[in-house]
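> This is the structure I have questions about; it appears just below.
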Amino acid sequence: MLNLAMGIGLVVAPLCAAGLNLAPTRRIALALLLGVFAGIGANIGLGQQLRIGLGLLATGALACAILAIGFERSGWPRQGEGLGLMPAGRAFRAATVLLVAAAAWGIAAPYASGIGSLPAGRVTAAVMIVAMGLLQLGLSQEQGAAALGLLTTLAGFEVFYTGLEPSLALRAVLAGIMLGVALVSSVLLEPATGGIEGRRNG
Amino acid sequence: MLLILLGIVLAISAFALRARGWIPWLIAAGGSVLLAAVALGIVLGEPFEIMGIVIRLEAGWTFLGRSLVLRPESRALVSFVFVSGAILLASGWVSDAPRRLASVGLLMLLALAAALMVQPFVFSPTLIAAAAILGCLVVVRPDGRGGRAPPRLMVTYSLGMMAILIAGWLIEVGGASVSPESPVRAASVLLALGLAILVITPPFHTWLTASSDEAHPLAFVFVAAVLQTGGLFLLVNSLASYAWMRTDPLVYAFLRGIGLLMIGLGGLWCLVERRAPRLIAYTLLVDFGISLLALSLATPDGSRIALGMASIRPISLAVWAAGVTHLFAPGASDSQAGRSIRKISAAAALLGALSLAGFPLTAGFHGRWMTLGNAQGGDVTAAAAVVFGLGAAWLAIGRWARGLSAHPSEDGRRLGRARSIALVVGSATIVLLGLQPAWLFGWLSSALGSLVGR
């Protein structure tokens with residue numbers, strides 16, 4: 001049962017990360033990001049240390065809540081709106097997601113069993129989540145999309161790095177980095193008319 | 001812990017008083033100097049008395065099993081970070097920088113200081129990345145909204161952090177080294193990638209050009225100078241800490257390679273660029289490249305030159321930012337070409353830019369001259385690169401100055417006496433340090449001797 005839950009976590013997290021690239025609205029994107037953190041939290045919590053898994057889940061939930069506040073303030077922009085608009089229709093993005101996922105699988109699978117004491121499935125999942133995050137970063141340079149992509153990449157990195165270096169202090173610092181990314185992005189998502197500097201300098 | 005707590009209190013104070021004219025800048029700059037003095041002069045491990053109360057401060061603070069330790073050899077570096085930041089933050093008032101820079105800047109300096117103090121060393125890149133994420137709050141457009149720069153900065157430094165953390169694990173736990181015999185060559189590739197990002201090597205410099213386009217001049221140069229100094233110190237500290245690293249010729253070949261790349265590309269971009277802020281971004285790249293080239297000499301002199309250049313950079317950049325912000329007099333003409341320039345601001349901006357480009361008789365020249373002198377022996381490529389970088393930057397800044405001379409000018413009385421005095425003092429400092437470089441480089445030898453001598 002435990003193994004099944006861990007396995008489901010390992011499948012759900014990369015799938016949610018891939019879905020992030022296709023999400024039509026920011027609300028769905030945030031739900032998928034939470035799915036990424038829930039998946040990796042379940043896998044690490046049940047397979048390694050429960051407190052680290054719960055910590056990751058809490059970090060993901062907090063980051064999503066902080067980003068939700070930013071998106072709310074900026075009127076929930078749709079995927080691709082704003083700066084860095086790319087001519088990326090959903091079919092194009094779906095094709096890129098498939099290609100990148102296949103490439104990530106191809107790169108990770110042969111080496112997955114040779115890295116530390118990490119299970120091969122976990123390494124492959126980590127590489128796929130990181131690849132999906134990087135793809136999100138490559139498809140747009142708008143602040144909201146960058147935050148979602150970067151948090152996905154950092155989540156994938158955590159899947160991998162927690163197995164190598166399970167130090168609680170490092171988890172705390174990396175959680176701080178993730179929350180910092182969410183917080184700063186949330187502040188920068190504010191509409192220009194009500195911007196902080198505008199108010200202060202005015 | 002005292003440093004961190006004091007810094008946080010000062011940052012909160014600067015934030016709370018952000019609407020009070022020069023006060024947040026005084027808190028930020030004065031606070032940075034205070035933190036530098038505390039880092040350098042505080043008595044650690046021995047009891048001392050203040051107003052009849054006996055106090056004993058320990059050098060380390062442990063948090064979740066990891067420590068922040070103010071080691072004797074890192075005291076000068078921590079102090080150096082705060083003083084560099086103080087110079088730039090003091091310029092914040094003169095250059096009417098975004099007010100959040102005062103508090104955010106102080107927090108960035110704290111994060112970098114923590115990166116120099118943290119044990120084990122593998123935590124440093126996470127704190128530098130934290131500083132970069134904070135920096136995203138200041139490299140914003142004038143309306144306070146983020147443009148292209150914040151996401152690029154955030155993503156670049158986070159990726160750099162990940163690369164160095166994995167490399168750190170491979171080196172520390174996996175027993176890898178970057179030597180050719182090592183079975184884990186991935187460590188060297190990841191470490192090189194991470195360090196290249198932290199020292200702003202092309203193509204990881206795109207956030208720099210984006211912030212030069214969008215952000216206030218001082219915010220852009222503050223983030224660039226402070227983060228590059230953090231990357232440089234991480235590099236210098238790594239060389240000082242790991243014997244295998246400082247004895248491996250591949251490491252120095254890598255530093256030399258990225259130094260040459262930065263000088264070459266920065267120089268070429270200087271030649272084709274016409275926009276002033278971008279010109280400074282590319283001149284900065286040349287400057288960073290020359291300091292890496294100096295570091296690649298693998299001698300105490302090389303480290304001293306690199307640190308000397310890092311210490312002069314904030315002065316040049318602060319004066320340039322203060323000058324360029326007040327370059328044009330308001331309301332004279334709607335068109336850019338017909339606008340009057342203030343002579344005093346133009347002179348300060350030009351001197352700052354020339355110093356950054358290493359023009360003779362300015363503060364920035366000595367570091368280039370010493371790098372050139374050290375490289376002349378047998379390294380013709382390095383010498384040629386330095387000459388090319390210098391020539392390209394001088395030419396580009398000369399072209400910019402010629403463009404400025406075509407504008408009508410005014411004497412700058414409307415700038416205000418205090419700001420005019422600040423610009424004159426900044427410009428005079430650049431000339432004075434250009435005439436007496438031994439003051440700074442001599443002090444560096446004694447202050448950072450333990451680090452550069454290893």
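Following the order of the structure tokens, chains are lettered A, B, ..., residues in each are numbered from 1, and ligands are numbered from 1.
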Using only C-alpha atoms, find each residue of chain B with at least one atom at most 10 Å away from an atom of chain A; report its shortest atom-to-atom pair and that distance in Å (one decimal), sort the rows by chain and rising residue number, and return the result as a Markdown table.

| residue | atom | partner | partner_atom | distance |
| --- | --- | --- | --- | --- |
| B:Arg18 | CA | A:Arg200 | CA | 8.0 |
| B:Ala19 | CA | A:Arg200 | CA | 6.6 |
| B:Phe63 | CA | A:Ala169 | CA | 7.4 |
| B:Leu64 | CA | A:Ala169 | CA | 5.1 |
| B:Gly65 | CA | A:Ala169 | CA | 6.6 |
| B:Arg66 | CA | A:Ala169 | CA | 6.5 |
| B:Ser67 | CA | A:Ala169 | CA | 9.8 |
| B:Pro98 | CA | A:Glu197 | CA | 7.0 |
| B:Arg99 | CA | A:Glu197 | CA | 7.6 |
| B:Arg100 | CA | A:Glu197 | CA | 7.8 |
| B:Val122 | CA | A:Leu170 | CA | 9.5 |
| B:Phe123 | CA | A:Leu170 | CA | 7.3 |
| B:Thr126 | CA | A:Val173 | CA | 7.0 |
| B:Leu127 | CA | A:Val173 | CA | 8.1 |
| B:Ala129 | CA | A:Ile177 | CA | 7.6 |
| B:Ala130 | CA | A:Ile177 | CA | 6.1 |
| B:Ala131 | CA | A:Ile177 | CA | 9.8 |
| B:Ile133 | CA | A:Val181 | CA | 6.5 |
| B:Leu134 | CA | A:Val184 | CA | 7.2 |
| B:Gly135 | CA | A:Val184 | CA | 9.3 |
| B:Cys136 | CA | A:Val184 | CA | 7.1 |
| B:Leu137 | CA | A:Val184 | CA | 6.5 |
| B:Val138 | CA | A:Leu188 | CA | 9.9 |
| B:Val140 | CA | A:Leu188 | CA | 8.1 |
| B:Arg141 | CA | A:Ala192 | CA | 9.4 |
| B:Pro142 | CA | A:Glu197 | CA | 7.8 |
| B:Asp143 | CA | A:Gly198 | CA | 5.9 |
| B:Gly144 | CA | A:Glu197 | CA | 5.1 |
| B:Arg145 | CA | A:Ala192 | CA | 5.5 |
| B:Gly146 | CA | A:Leu188 | CA | 5.2 |
| B:Gly147 | CA | A:Leu83 | CA | 7.2 |
| B:Arg148 | CA | A:Gln141 | CA | 6.6 |
| B:Ala149 | CA | A:Gln141 | CA | 9.2 |
| B:Pro150 | CA | A:Gln143 | CA | 7.5 |
| B:Pro151 | CA | A:Gln143 | CA | 5.6 |
| B:Arg152 | CA | A:Gln141 | CA | 7.5 |
| B:Met154 | CA | A:Val181 | CA | 7.4 |
| B:Val155 | CA | A:Leu150 | CA | 6.4 |
| B:Thr156 | CA | A:Leu150 | CA | 9.9 |
| B:Ser158 | CA | A:Leu150 | CA | 8.0 |
| B:Leu159 | CA | A:Leu154 | CA | 8.7 |
| B:Met162 | CA | A:Phe157 | CA | 7.4 |
| B:Ala163 | CA | A:Phe157 | CA | 10.0 |
| B:Leu165 | CA | A:Tyr161 | CA | 8.5 |
| B:Ile166 | CA | A:Tyr161 | CA | 7.5 |
| B:Trp169 | CA | A:Leu164 | CA | 7.5 |
| B:Leu170 | CA | A:Leu164 | CA | 9.4 |
| B:Val173 | CA | A:Leu164 | CA | 8.9 |
| B:Gly174 | CA | A:Gly116 | CA | 8.3 |
> Would you export the selected residues with C-alpha atoms as a PDB file, in the first residue's frame, please?

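Below is the file that was written, out08.pdb:
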ATOM      1  CA  ARG B  18      11.097  54.909   3.354  1.00  0.00           C
ATOM      2  CA  ALA B  19       9.005  58.027   2.730  1.00  0.00           C
ATOM      3  CA  PHE B  63      20.684  26.962  13.218  1.00  0.00           C
ATOM      4  CA  LEU B  64      19.164  23.550  12.390  1.00  0.00           C
ATOM      5  CA  GLY B  65      22.539  21.909  12.784  1.00  0.00           C
ATOM      6  CA  ARG B  66      24.384  24.332  10.460  1.00  0.00           C
ATOM      7  CA  SER B  67      26.448  27.346  11.540  1.00  0.00           C
ATOM      8  CA  PRO B  98      13.685  53.627  -5.821  1.00  0.00           C
ATOM      9  CA  ARG B  99      13.170  53.821  -2.069  1.00  0.00           C
ATOM     10  CA  ARG B 100      12.790  50.115  -1.574  1.00  0.00           C
ATOM     11  CA  VAL B 122      28.021  24.205   0.301  1.00  0.00           C
ATOM     12  CA  PHE B 123      25.243  26.469   1.623  1.00  0.00           C
ATOM     13  CA  THR B 126      21.706  29.184  -1.739  1.00  0.00           C
ATOM     14  CA  LEU B 127      22.286  32.440   0.106  1.00  0.00           C
ATOM     15  CA  ALA B 129      20.536  32.953  -4.860  1.00  0.00           C
ATOM     16  CA  ALA B 130      18.448  34.400  -2.017  1.00  0.00           C
ATOM     17  CA  ALA B 131      20.234  37.733  -2.516  1.00  0.00           C
ATOM     18  CA  ILE B 133      15.800  36.834  -5.588  1.00  0.00           C
ATOM     19  CA  LEU B 134      15.672  39.879  -3.317  1.00  0.00           C
ATOM     20  CA  GLY B 135      17.387  41.859  -6.066  1.00  0.00           C
ATOM     21  CA  CYS B 136      14.416  41.142  -8.343  1.00  0.00           C
ATOM     22  CA  LEU B 137      12.429  43.581  -6.224  1.00  0.00           C
ATOM     23  CA  VAL B 138      14.638  46.496  -7.273  1.00  0.00           C
ATOM     24  CA  VAL B 140      11.915  46.805 -11.865  1.00  0.00           C
ATOM     25  CA  ARG B 141      10.516  49.387 -14.255  1.00  0.00           C
ATOM     26  CA  PRO B 142       9.971  52.958 -13.028  1.00  0.00           C
ATOM     27  CA  ASP B 143       6.266  52.202 -12.443  1.00  0.00           C
ATOM     28  CA  GLY B 144       7.220  49.431  -9.995  1.00  0.00           C
ATOM     29  CA  ARG B 145       6.157  46.591 -12.288  1.00  0.00           C
ATOM     30  CA  GLY B 146       8.509  43.773 -13.223  1.00  0.00           C
ATOM     31  CA  GLY B 147       9.775  43.612 -16.789  1.00  0.00           C
ATOM     32  CA  ARG B 148      12.143  41.068 -18.341  1.00  0.00           C
ATOM     33  CA  ALA B 149      14.920  41.519 -15.781  1.00  0.00           C
ATOM     34  CA  PRO B 150      13.381  40.023 -12.585  1.00  0.00           C
ATOM     35  CA  PRO B 151      12.368  36.644 -14.059  1.00  0.00           C
ATOM     36  CA  ARG B 152      15.712  36.319 -15.840  1.00  0.00           C
ATOM     37  CA  MET B 154      15.589  34.845 -10.550  1.00  0.00           C
ATOM     38  CA  VAL B 155      15.854  31.929 -12.973  1.00  0.00           C
ATOM     39  CA  THR B 156      19.567  32.374 -13.738  1.00  0.00           C
ATOM     40  CA  SER B 158      18.368  29.589  -9.070  1.00  0.00           C
ATOM     41  CA  LEU B 159      19.812  27.404 -11.841  1.00  0.00           C
ATOM     42  CA  MET B 162      21.256  24.031  -8.249  1.00  0.00           C
ATOM     43  CA  ALA B 163      24.353  23.350 -10.365  1.00  0.00           C
ATOM     44  CA  LEU B 165      24.790  22.311  -4.919  1.00  0.00           C
ATOM     45  CA  ILE B 166      24.985  19.146  -7.009  1.00  0.00           C
ATOM     46  CA  TRP B 169      27.671  17.044  -3.210  1.00  0.00           C
ATOM     47  CA  LEU B 170      29.724  15.239  -5.860  1.00  0.00           C
ATOM     48  CA  VAL B 173      30.309  13.374  -0.485  1.00  0.00           C
ATOM     49  CA  GLY B 174      31.107  11.577  -3.699  1.00  0.00           C
TER      50      GLY B 174
END
> Can you list, as a PyMOL selection string, all residues belonging to stretch 8-80 of chain A that DSSP tags as helix (DSSP H, G or I)?
chain A and resi 8-20+26-47+50-73
> Applying 7 Å and only C-alpha atoms, which residues near stretch 24-32 of chain A remain after dropping the ones on its own chain fewer than 4 positions away? List them as a ChimeraX atom specification.
/A:16-17,19-20,36,64,76-79
> Could the residues in this selection be saved with N, CA and C atoms as a PDB file, in the first residue's frame?

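Done, and the output landed in result.pdb:
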ATOM      1  N   CYS A  16       1.601  16.314 -13.514  1.00  0.00           N
ATOM      2  CA  CYS A  16       1.148  17.665 -13.176  1.00  0.00           C
ATOM      3  C   CYS A  16       2.119  18.705 -13.743  1.00  0.00           C
ATOM      4  N   ALA A  17       3.424  18.404 -13.653  1.00  0.00           N
ATOM      5  CA  ALA A  17       4.423  19.343 -14.190  1.00  0.00           C
ATOM      6  C   ALA A  17       4.237  19.518 -15.689  1.00  0.00           C
ATOM      7  N   GLY A  19       1.402  19.062 -17.275  1.00  0.00           N
ATOM      8  CA  GLY A  19       0.130  19.770 -17.429  1.00  0.00           C
ATOM      9  C   GLY A  19       0.264  21.267 -17.237  1.00  0.00           C
ATOM     10  N   LEU A  20       1.222  21.671 -16.414  1.00  0.00           N
ATOM     11  CA  LEU A  20       1.442  23.111 -16.174  1.00  0.00           C
ATOM     12  C   LEU A  20       1.712  23.868 -17.471  1.00  0.00           C
ATOM     13  N   VAL A  36       2.134  18.868  -8.130  1.00  0.00           N
ATOM     14  CA  VAL A  36       3.559  18.508  -8.206  1.00  0.00           C
ATOM     15  C   VAL A  36       4.113  18.344  -6.787  1.00  0.00           C
ATOM     16  N   CYS A  64       1.861  28.365  -3.462  1.00  0.00           N
ATOM     17  CA  CYS A  64       0.677  28.507  -4.324  1.00  0.00           C
ATOM     18  C   CYS A  64      -0.249  29.592  -3.776  1.00  0.00           C
ATOM     19  N   TRP A  76      -5.860  37.695 -12.557  1.00  0.00           N
ATOM     20  CA  TRP A  76      -5.727  36.339 -13.094  1.00  0.00           C
ATOM     21  C   TRP A  76      -5.431  36.340 -14.600  1.00  0.00           C
ATOM     22  N   PRO A  77      -4.255  36.809 -15.010  1.00  0.00           N
ATOM     23  CA  PRO A  77      -3.922  36.789 -16.447  1.00  0.00           C
ATOM     24  C   PRO A  77      -3.902  35.360 -16.973  1.00  0.00           C
ATOM     25  N   ARG A  78      -4.274  35.205 -18.226  1.00  0.00           N
ATOM     26  CA  ARG A  78      -4.285  33.854 -18.805  1.00  0.00           C
ATOM     27  C   ARG A  78      -2.882  33.458 -19.241  1.00  0.00           C
ATOM     28  N   GLN A  79      -2.708  32.166 -19.498  1.00  0.00           N
ATOM     29  CA  GLN A  79      -1.417  31.644 -19.957  1.00  0.00           C
ATOM     30  C   GLN A  79      -0.975  32.387 -21.208  1.00  0.00           C
TER      31      GLN A  79
END
> Residues at most 9 Å from stretch 283-294 of chain B, counting only C-alpha atoms, excluding those fewer than 6 positions away in the same chain, as a PyMOL selection string?
chain B and resi 199-202+205+224-225+228+232+252+255-267+269-270+301-310+313+353+356-358+367-368+370-372+374-375+382+385-386+389-390+392-393
> Going by DSSP on the backbone, which bits of stretch 9-117 of chain B are strand (DSSP E or B)? Write them as a list of chain:residue names, please.
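The strand (DSSP E or B) subset of stretch 9-117 of chain B is B:Pro47, B:Phe48, B:Glu49, B:Ile50, B:Ile53, B:Val54, B:Ile55, B:Arg56, B:Gly60, B:Trp61, B:Thr62, B:Phe63, B:Arg66, B:Ser67, B:Leu68, B:Val69.
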> Hey, can you spit out that residue selection with C-alpha atoms as a PDB file, in the first residue's frame?

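Writing done, so here's again_33.pdb:
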ATOM      1  CA  PRO B  47      34.284  38.759  27.698  1.00  0.00           C
ATOM      2  CA  PHE B  48      34.189  42.546  27.403  1.00  0.00           C
ATOM      3  CA  GLU B  49      32.364  45.285  29.280  1.00  0.00           C
ATOM      4  CA  ILE B  50      29.837  47.826  28.024  1.00  0.00           C
ATOM      5  CA  ILE B  53      27.672  44.900  31.795  1.00  0.00           C
ATOM      6  CA  VAL B  54      29.989  42.034  30.959  1.00  0.00           C
ATOM      7  CA  ILE B  55      29.220  40.560  27.543  1.00  0.00           C
ATOM      8  CA  ARG B  56      30.724  37.586  25.781  1.00  0.00           C
ATOM      9  CA  GLY B  60      29.254  31.164  15.589  1.00  0.00           C
ATOM     10  CA  TRP B  61      25.486  30.823  15.545  1.00  0.00           C
ATOM     11  CA  THR B  62      24.020  27.385  14.958  1.00  0.00           C
ATOM     12  CA  PHE B  63      20.684  26.962  13.218  1.00  0.00           C
ATOM     13  CA  ARG B  66      24.384  24.332  10.460  1.00  0.00           C
ATOM     14  CA  SER B  67      26.448  27.346  11.540  1.00  0.00           C
ATOM     15  CA  LEU B  68      27.102  30.914  10.585  1.00  0.00           C
ATOM     16  CA  VAL B  69      30.677  31.505  11.750  1.00  0.00           C
TER      17      VAL B  69
END
